[in-house]
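Undergrad: Structure file query_22.txt (compact mmCIF, C-alpha atoms) is given on the next line.
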# COMPACT_ATOMS: atom_id res chain seq x y z
CA MET G 1 -7.13 15.90 -41.34
CA GLY G 2 -3.65 15.51 -39.92
CA THR G 3 -3.61 18.28 -37.35
CA GLY G 4 -6.35 20.26 -35.65
CA GLY G 5 -6.64 24.00 -35.14
CA ILE G 6 -8.07 26.88 -37.16
CA ARG G 7 -6.32 29.73 -38.93
CA PHE G 8 -7.92 32.87 -40.35
CA ASP G 9 -5.55 34.46 -42.86
CA ALA G 10 -6.75 38.06 -43.49
CA VAL G 11 -10.36 36.84 -43.86
CA THR G 12 -12.77 39.52 -45.04
CA VAL G 13 -16.51 38.96 -45.49
CA ALA G 14 -18.82 41.52 -47.09
CA TYR G 15 -22.56 41.54 -47.83
CA ASP G 16 -23.62 43.88 -50.65
CA GLY G 17 -20.38 45.82 -50.26
CA ASN G 18 -20.84 46.17 -46.48
CA VAL G 19 -17.81 44.70 -44.67
CA VAL G 20 -18.98 42.54 -41.73
CA LEU G 21 -15.60 40.91 -41.04
CA ASP G 22 -12.50 42.97 -41.75
CA ALA G 23 -9.18 41.21 -42.53
CA LEU G 24 -9.29 38.82 -39.57
CA ASP G 25 -5.95 37.23 -38.65
CA LEU G 26 -6.38 34.70 -35.86
CA THR G 27 -5.05 31.24 -35.00
CA VAL G 28 -6.80 28.71 -32.77
CA GLU G 29 -4.27 26.11 -31.64
CA PRO G 30 -5.08 22.37 -31.69
CA GLY G 31 -6.97 21.52 -28.49
CA GLU G 32 -7.52 25.19 -27.56
CA VAL G 33 -10.81 26.79 -26.50
CA MET G 34 -10.99 30.19 -28.21
CA ALA G 35 -13.93 32.44 -27.36
CA LEU G 36 -15.02 35.08 -29.86
CA LEU G 37 -16.49 37.76 -27.61
CA GLY G 38 -18.24 40.91 -28.73
CA PRO G 39 -21.55 42.76 -29.07
CA SER G 40 -24.15 42.01 -31.74
CA GLY G 41 -22.88 42.90 -35.18
CA SER G 42 -19.20 42.69 -34.19
CA GLY G 43 -18.38 39.97 -36.75
CA LYS G 44 -17.97 37.03 -34.37
CA THR G 45 -20.74 34.82 -35.81
CA THR G 46 -19.61 35.70 -39.35
CA ALA G 47 -16.12 34.44 -38.45
CA LEU G 48 -17.60 31.18 -37.17
CA ARG G 49 -19.74 30.77 -40.30
CA ALA G 50 -16.66 31.32 -42.47
CA VAL G 51 -15.01 28.35 -40.73
CA ALA G 52 -18.16 26.24 -41.14
CA GLY G 53 -18.36 27.09 -44.86
CA PHE G 54 -21.72 28.88 -44.66
CA VAL G 55 -20.29 32.21 -45.85
CA ARG G 56 -17.70 32.80 -48.53
CA PRO G 57 -14.85 35.23 -47.79
CA ALA G 58 -14.45 38.13 -50.19
CA ALA G 59 -10.72 37.93 -49.43
CA GLY G 60 -8.35 35.83 -47.34
CA ARG G 61 -8.19 32.09 -46.60
CA VAL G 62 -9.50 29.74 -43.93
CA PHE G 63 -7.34 26.79 -42.82
CA LEU G 64 -8.26 23.76 -40.69
CA GLY G 65 -4.93 22.40 -39.54
CA ASP G 66 -2.76 22.50 -42.66
CA ARG G 67 -5.73 22.22 -45.07
CA ASP G 68 -6.98 25.26 -46.97
CA VAL G 69 -10.77 24.73 -46.74
CA THR G 70 -11.86 28.10 -48.14
CA ASP G 71 -13.35 26.50 -51.25
CA LEU G 72 -14.71 23.32 -49.63
CA PRO G 73 -18.46 22.87 -48.97
CA PRO G 74 -19.50 22.55 -45.30
CA HIS G 75 -20.02 18.77 -45.36
CA ARG G 76 -16.42 18.16 -46.47
CA ARG G 77 -14.82 20.13 -43.64
CA GLY G 78 -15.33 17.55 -40.88
CA ILE G 79 -16.56 20.12 -38.38
CA GLY G 80 -18.99 19.68 -35.47
CA MET G 81 -21.36 22.60 -34.91
CA VAL G 82 -23.74 23.54 -32.09
CA VAL G 83 -26.11 26.49 -32.49
CA GLN G 84 -28.30 28.46 -30.12
CA GLN G 85 -31.64 26.85 -30.95
CA TYR G 86 -30.45 23.22 -30.91
CA ALA G 87 -31.75 22.56 -34.48
CA LEU G 88 -32.84 19.00 -33.62
CA PHE G 89 -35.19 17.14 -35.96
CA PRO G 90 -38.48 16.92 -34.02
CA HIS G 91 -39.65 13.73 -35.80
CA LEU G 92 -36.46 11.80 -35.01
CA ARG G 93 -35.62 10.12 -31.72
CA VAL G 94 -32.53 11.30 -29.83
CA GLU G 95 -30.37 8.42 -31.13
CA ASP G 96 -31.35 9.19 -34.74
CA ASN G 97 -30.63 12.89 -34.28
CA VAL G 98 -27.16 12.02 -32.98
CA ALA G 99 -26.61 9.54 -35.84
CA PHE G 100 -27.60 12.04 -38.53
CA GLY G 101 -24.09 13.24 -39.45
CA LEU G 102 -22.70 9.71 -39.42
CA ARG G 103 -25.45 8.45 -41.74
CA ALA G 104 -24.79 11.38 -44.08
CA ARG G 105 -21.16 10.21 -44.18
CA LYS G 106 -22.35 6.65 -44.92
CA ALA G 107 -20.68 5.18 -41.84
CA ALA G 108 -21.20 1.45 -41.17
CA ARG G 109 -24.21 0.53 -39.02
CA ALA G 110 -22.11 -0.98 -36.21
CA GLU G 111 -19.87 2.10 -36.12
CA ILE G 112 -22.92 4.40 -35.96
CA ARG G 113 -24.33 2.44 -33.02
CA GLN G 114 -21.03 2.61 -31.14
CA ARG G 115 -20.39 6.29 -31.79
CA VAL G 116 -23.95 7.35 -30.90
CA ALA G 117 -23.69 5.47 -27.60
CA GLU G 118 -20.28 7.08 -26.89
CA ALA G 119 -21.49 10.60 -27.69
CA LEU G 120 -24.64 10.24 -25.55
CA GLU G 121 -22.59 8.85 -22.66
CA MET G 122 -20.12 11.71 -22.96
CA THR G 123 -22.96 14.26 -22.66
CA SER G 124 -24.73 12.34 -19.84
CA MET G 125 -27.70 11.55 -22.13
CA GLY G 126 -27.23 7.76 -22.36
CA GLY G 127 -30.66 7.05 -20.86
CA TYR G 128 -32.56 9.24 -23.34
CA ALA G 129 -31.74 7.57 -26.68
CA ARG G 130 -35.34 6.55 -27.46
CA ARG G 131 -36.98 9.86 -26.58
CA TYR G 132 -38.11 12.59 -28.95
CA PRO G 133 -36.83 16.18 -28.61
CA ARG G 134 -40.25 17.36 -27.37
CA GLU G 135 -39.86 15.04 -24.37
CA LEU G 136 -36.65 16.78 -23.27
CA SER G 137 -35.90 20.01 -21.40
CA GLY G 138 -33.97 22.81 -23.10
CA GLY G 139 -30.76 21.78 -21.37
CA GLN G 140 -31.22 18.15 -22.42
CA GLN G 141 -31.90 19.19 -26.03
CA GLN G 142 -28.68 21.20 -26.04
CA ARG G 143 -26.76 18.14 -24.74
CA VAL G 144 -28.19 16.11 -27.64
CA ALA G 145 -27.08 18.82 -30.08
CA ILE G 146 -23.56 18.63 -28.60
CA ALA G 147 -23.63 14.80 -28.78
CA ARG G 148 -24.60 15.02 -32.47
CA ALA G 149 -21.68 17.36 -33.14
CA LEU G 150 -19.25 15.06 -31.28
CA ALA G 151 -20.45 11.81 -32.90
CA ILE G 152 -18.53 12.54 -36.11
CA ARG G 153 -15.34 12.94 -34.01
CA PRO G 154 -14.50 16.39 -35.35
CA ASP G 155 -11.10 18.06 -34.99
CA VAL G 156 -12.96 21.36 -34.60
CA LEU G 157 -16.15 22.08 -32.64
CA LEU G 158 -17.96 25.34 -33.42
CA LEU G 159 -20.36 26.66 -30.79
CA ASP G 160 -22.55 29.66 -31.68
CA GLU G 161 -24.13 31.17 -28.53
CA PRO G 162 -24.93 27.59 -27.43
CA LEU G 163 -26.22 28.50 -23.96
CA SER G 164 -28.10 31.75 -24.57
CA ALA G 165 -31.51 30.05 -24.76
CA LEU G 166 -31.04 28.45 -21.31
CA ASP G 167 -31.86 29.95 -17.91
CA ALA G 168 -29.03 31.05 -15.60
CA GLN G 169 -28.87 27.87 -13.51
CA LEU G 170 -28.88 25.56 -16.54
CA ARG G 171 -26.31 27.76 -18.23
CA SER G 172 -23.97 27.41 -15.28
CA GLY G 173 -24.38 23.62 -15.31
CA MET G 174 -23.78 23.41 -19.06
CA LEU G 175 -20.64 25.55 -18.76
CA ALA G 176 -19.26 23.02 -16.30
CA GLU G 177 -20.22 20.21 -18.72
CA LEU G 178 -18.45 21.92 -21.63
CA ALA G 179 -15.34 22.41 -19.50
CA ARG G 180 -15.44 18.68 -18.60
CA LEU G 181 -15.92 17.75 -22.27
CA HIS G 182 -12.90 19.79 -23.21
CA ARG G 183 -10.80 17.94 -20.63
CA GLU G 184 -12.01 14.63 -22.11
CA LEU G 185 -11.31 15.77 -25.71
CA PRO G 186 -7.89 17.44 -25.38
CA ASP G 187 -7.19 17.39 -29.15
CA VAL G 188 -10.44 19.07 -30.26
CA SER G 189 -10.29 22.83 -30.92
CA PHE G 190 -13.36 24.76 -29.69
CA LEU G 191 -14.36 28.04 -31.34
CA TYR G 192 -16.98 29.49 -29.01
CA VAL G 193 -19.02 32.55 -30.02
CA THR G 194 -20.64 34.47 -27.16
CA HIS G 195 -21.57 37.97 -26.03
CA ASP G 196 -21.49 36.75 -22.40
CA GLN G 197 -18.18 37.60 -20.74
CA VAL G 198 -18.75 35.14 -17.87
CA GLU G 199 -18.96 32.26 -20.37
CA ALA G 200 -15.79 33.47 -22.11
CA LEU G 201 -13.85 33.97 -18.87
CA THR G 202 -14.98 30.60 -17.48
CA LEU G 203 -14.37 28.41 -20.50
CA ALA G 204 -11.78 29.94 -22.81
CA ASP G 205 -8.02 29.43 -22.92
CA ARG G 206 -7.89 32.66 -24.93
CA ILE G 207 -10.46 35.30 -25.84
CA ALA G 208 -10.62 37.22 -29.14
CA VAL G 209 -12.50 40.47 -28.55
CA MET G 210 -14.43 41.67 -31.63
CA ASP G 211 -16.06 45.02 -32.35
CA ARG G 212 -17.36 46.59 -35.57
CA ALA G 213 -16.07 43.77 -37.82
CA ARG G 214 -12.55 43.93 -36.39
CA LEU G 215 -10.42 42.02 -33.92
CA GLN G 216 -9.70 44.42 -31.04
CA ALA G 217 -7.55 42.22 -28.83
CA CYS G 218 -6.64 38.59 -28.22
CA GLY G 219 -5.15 37.02 -25.11
CA THR G 220 -5.77 34.86 -22.07
CA PRO G 221 -8.69 35.93 -19.86
CA ARG G 222 -6.19 37.05 -17.21
CA GLU G 223 -4.16 39.13 -19.70
CA LEU G 224 -7.23 40.87 -21.10
CA TYR G 225 -8.65 41.50 -17.62
CA ARG G 226 -5.45 42.76 -15.99
CA ALA G 227 -3.85 44.57 -18.94
CA PRO G 228 -6.50 45.33 -21.60
CA ALA G 229 -5.18 46.72 -24.88
CA ASN G 230 -7.78 49.48 -25.14
CA ALA G 231 -10.85 50.94 -23.48
CA PHE G 232 -13.30 48.83 -25.49
CA THR G 233 -11.61 45.60 -24.37
CA ALA G 234 -11.51 46.85 -20.77
CA SER G 235 -15.24 47.54 -20.78
CA PHE G 236 -16.18 44.28 -22.50
CA VAL G 237 -14.02 41.89 -20.47
CA GLY G 238 -15.19 42.51 -16.91
CA ASN G 239 -16.48 45.77 -15.45
CA ALA G 240 -14.22 48.79 -15.59
CA ASN G 241 -14.01 52.39 -14.45
CA LEU G 242 -12.67 54.32 -17.44
CA LEU G 243 -11.60 57.81 -16.43
CA PRO G 244 -10.36 60.49 -18.87
CA VAL G 245 -7.01 61.76 -17.61
CA THR G 246 -4.04 63.92 -18.62
CA VAL G 247 -0.61 62.36 -18.29
CA GLY G 248 2.04 63.89 -16.02
CA ALA G 249 5.35 62.49 -14.70
CA GLY G 250 4.47 59.39 -12.65
CA GLU G 251 0.93 60.66 -12.16
CA VAL G 252 -2.17 61.66 -14.05
CA ALA G 253 -4.66 64.47 -13.56
CA PHE G 254 -8.33 63.51 -13.26
CA GLY G 255 -10.20 66.77 -12.88
CA ARG G 256 -8.64 68.38 -9.80
CA ALA G 257 -7.27 65.07 -8.46
CA ALA G 258 -3.63 64.03 -9.02
CA LEU G 259 -3.40 60.23 -9.12
CA LYS G 260 -0.15 58.26 -8.83
CA VAL G 261 0.02 55.57 -11.55
CA ASP G 262 2.60 54.00 -13.85
CA THR G 263 2.92 56.40 -16.79
CA ALA G 264 5.82 54.61 -18.53
CA GLY G 265 5.53 54.96 -22.30
CA ALA G 266 2.93 57.75 -22.16
CA ALA G 267 3.85 61.25 -23.33
CA PRO G 268 3.50 64.02 -20.68
CA GLY G 269 0.53 66.25 -21.49
CA ALA G 270 -1.21 63.52 -23.55
CA SER G 271 -4.83 62.58 -23.02
CA ALA G 272 -5.37 58.98 -21.87
CA THR G 273 -7.92 56.70 -20.21
CA LEU G 274 -7.30 55.30 -16.75
CA CYS G 275 -8.78 51.81 -16.17
CA VAL G 276 -9.51 50.70 -12.60
CA ARG G 277 -11.53 47.54 -11.90
CA PRO G 278 -14.41 48.16 -9.42
CA HIS G 279 -13.33 45.39 -7.02
CA LEU G 280 -9.95 47.14 -6.61
CA VAL G 281 -11.59 50.36 -5.41
CA GLY G 282 -11.84 50.76 -1.61
CA LEU G 283 -14.03 52.94 0.60
CA GLY G 284 -12.38 55.52 2.88
CA ASP G 285 -8.96 57.10 3.01
CA GLY G 286 -5.98 55.68 1.13
CA PRO G 287 -3.70 56.31 -1.84
CA ASN G 288 -5.25 57.90 -4.94
CA ARG G 289 -8.31 59.37 -3.25
CA LEU G 290 -11.46 60.18 -5.20
CA THR G 291 -14.11 62.17 -3.36
CA GLY G 292 -17.65 62.48 -4.66
CA THR G 293 -21.38 62.07 -4.04
CA LEU G 294 -23.01 58.67 -3.65
CA ALA G 295 -25.45 58.47 -6.58
CA GLU G 296 -26.61 54.87 -6.13
CA ILE G 297 -25.97 51.86 -3.93
CA GLN G 298 -26.94 48.28 -4.82
CA TRP G 299 -26.95 45.42 -2.34
CA ARG G 300 -25.94 42.19 -4.13
CA GLY G 301 -25.96 39.72 -1.27
CA ALA G 302 -22.28 39.24 -0.46
CA THR G 303 -21.31 42.65 -1.89
CA HIS G 304 -22.42 46.23 -2.21
CA ARG G 305 -21.86 48.16 -5.44
CA LEU G 306 -21.47 51.90 -5.03
CA TYR G 307 -21.86 54.40 -7.86
CA VAL G 308 -20.16 57.65 -6.91
CA ASP G 309 -20.23 60.88 -8.94
CA VAL G 310 -16.66 62.20 -9.04
CA GLU G 311 -15.64 65.17 -11.18
CA GLY G 312 -18.68 64.64 -13.42
CA HIS G 313 -17.97 60.91 -13.91
CA ARG G 314 -19.58 57.91 -12.26
CA VAL G 315 -17.10 55.64 -10.46
CA MET G 316 -18.06 52.06 -9.46
CA ALA G 317 -16.78 50.35 -6.32
CA ASP G 318 -17.53 46.68 -5.53
CA LEU G 319 -17.11 46.15 -1.80
CA PRO G 320 -17.68 43.27 0.62
CA GLU G 321 -21.12 43.69 2.19
CA LEU G 322 -21.15 46.86 4.30
CA ARG G 323 -22.68 46.67 7.80
CA ASP G 324 -23.35 50.42 7.79
CA PRO G 325 -23.50 51.57 4.15
CA PRO G 326 -23.39 55.30 3.32
CA ALA G 327 -26.66 57.01 2.39
CA HIS G 328 -27.70 58.22 -1.05
CA GLY G 329 -26.41 61.78 -1.59
CA GLU G 330 -23.69 61.46 1.05
CA THR G 331 -20.13 62.60 0.32
CA VAL G 332 -17.85 59.56 0.20
CA THR G 333 -14.15 58.99 -0.42
CA LEU G 334 -12.87 56.12 -2.55
CA HIS G 335 -9.27 55.03 -3.11
CA PHE G 336 -7.21 52.61 -5.19
CA ALA G 337 -3.58 51.48 -5.21
CA PRO G 338 -1.29 52.90 -7.94
CA GLU G 339 -0.42 49.37 -9.14
CA ASP G 340 -4.12 48.53 -9.62
CA ALA G 341 -4.63 51.09 -12.41
CA VAL G 342 -3.81 50.62 -16.10
CA LEU G 343 -3.22 53.54 -18.48
CA LEU G 344 -4.88 53.06 -21.89
CA PRO G 345 -5.13 55.13 -25.09
CA ALA G 346 -7.69 57.92 -24.83
CA GLY G 347 -11.34 57.17 -25.59
CA VAL G 348 -13.25 53.99 -26.31
CA ASN G 349 -11.39 52.29 -29.13
CA HIS G 350 -13.85 50.97 -31.72
CA GLY G 351 -11.12 50.28 -34.27
Turn this file's structure into structure tokens for me.
TA:
Amino acid sequence: MGTGGIRFDAVTVAYDGNVVLDALDLTVEPGEVMALLGPSGSGKTTALRAVAGFVRPAAGRVFLGDRDVTDLPPHRRGIGMVVQQYALFPHLRVEDNVAFGLRARKAARAEIRQRVAEALEMTSMGGYARRYPRELSGGQQQRVAIARALAIRPDVLLLDEPLSALDAQLRSGMLAELARLHRELPDVSFLYVTHDQVEALTLADRIAVMDRARLQACGTPRELYRAPANAFTASFVGNANLLPVTVGAGEVAFGRAALKVDTAGAAPGASATLCVRPHLVGLGDGPNRLTGTLAEIQWRGATHRLYVDVEGHRVMADLPELRDPPAHGETVTLHFAPEDAVLLPAGVNHG
């Protein structure tokens, strides 16, 4: 394959007439890490399986680089794939698991030896070649699965929830490993399916947010976090306060409170949703005050999270650890800067 990258051209997948992926248009550039982020049933794994060749689109085409692979079987697509449950062969040693794809391609014995050694070294598993999967930890098994995918030297690496079976500490370590791998393989495109926003924010160059079979938004983590396209994206990429407001001139009305925000492009009198990230909400007096009752307070080590009932809505504030936190049921005042709020279309957009 001459050039890497993936392109979905209006790809639709349906099972028994039920559309599970709806006219997806998306391009993953050569060497890019694209995360497909969304809840269960959003269509993200279906999109990945369409690239792998495990599902057949009802409409649209799938391209790898400049090749239309829509009609090709999986083994002719030259793709590496890593799934959640490792899918290692229990009766084969690590080196034979890693060699499996190369043997299927009838590679020469010397080439297999060299590539297996390279792939194990790249995943820090060089010392485990003679072991069986049962003799490895979950994190080590996942490294072997990644080594097996890399051994064929794919242009595209598909990762389907690859870390969800690992505990939090292992997951963090594996994320760092995947980031290092990407630096070492700058020409390989990664398509990374996850429902974990931390994984997506940490690893991805861009994130495609999926919901109910449709692409909701696509952009860099910073773009989606700072200027989400809609309320669903705001709530799924990071935590967000989403407040129903009515647009005025240079301000919005939230219940009885008038809040100064940028209303450019919004029609006066229209309903909208105001998005404010919890870490941008302060305690005490300031611009854009919100006064309410403290419903819950959570100590999180370095921070306190406050949940405050304001005008019938619960507002979150993430604050540096408070020496003298307010008490449950106390009246508290929160504030946020006008430039820290983003005005979105009304309601949670499910497409």
Undergrad: Tell me which protein, DNA and RNA residues are within 9 Å of segment 34-47 of chain G, counting only C-alpha atoms, leaving out same-chain ones fewer than 4 positions away, and put them as an NGL selection string.
TA: :G and (8 or 11-13 or 20-22 or 24 or 28-29 or 51-52 or 54-55 or 160-161 or 189-197 or 199-201 or 203-215 or 236-237)
Undergrad: Report the distance between atom CA of Arg226 of chain G and atom CA of Ala258 of chain G in Å, rounded to one decimal place.
TA: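 Separating atom CA of Arg226 of chain G from atom CA of Ala258 of chain G is a distance of 22.5 Å.
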Undergrad: Do you have the atom CA of Glu95 of chain G-atom CA of Ile79 of chain G distance handy?
TA: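 It comes out at 19.5 Å.
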Undergrad: To one decimal place in Å, what is the distance between atom CA of Ala168 of chain G and atom CA of Met122 of chain G?
TA: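 Interatomic distance, atom CA of Ala168 of chain G to atom CA of Met122 of chain G: 22.5 Å.
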Undergrad: What lies within 9 Å of Ala87 of chain G using all atoms listed in the file, ignoring chain neighbours under 4 positions off, as a list in words?
TA: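 In the requested form, the answer reads Val82, Val83 and Ala145 of chain G.
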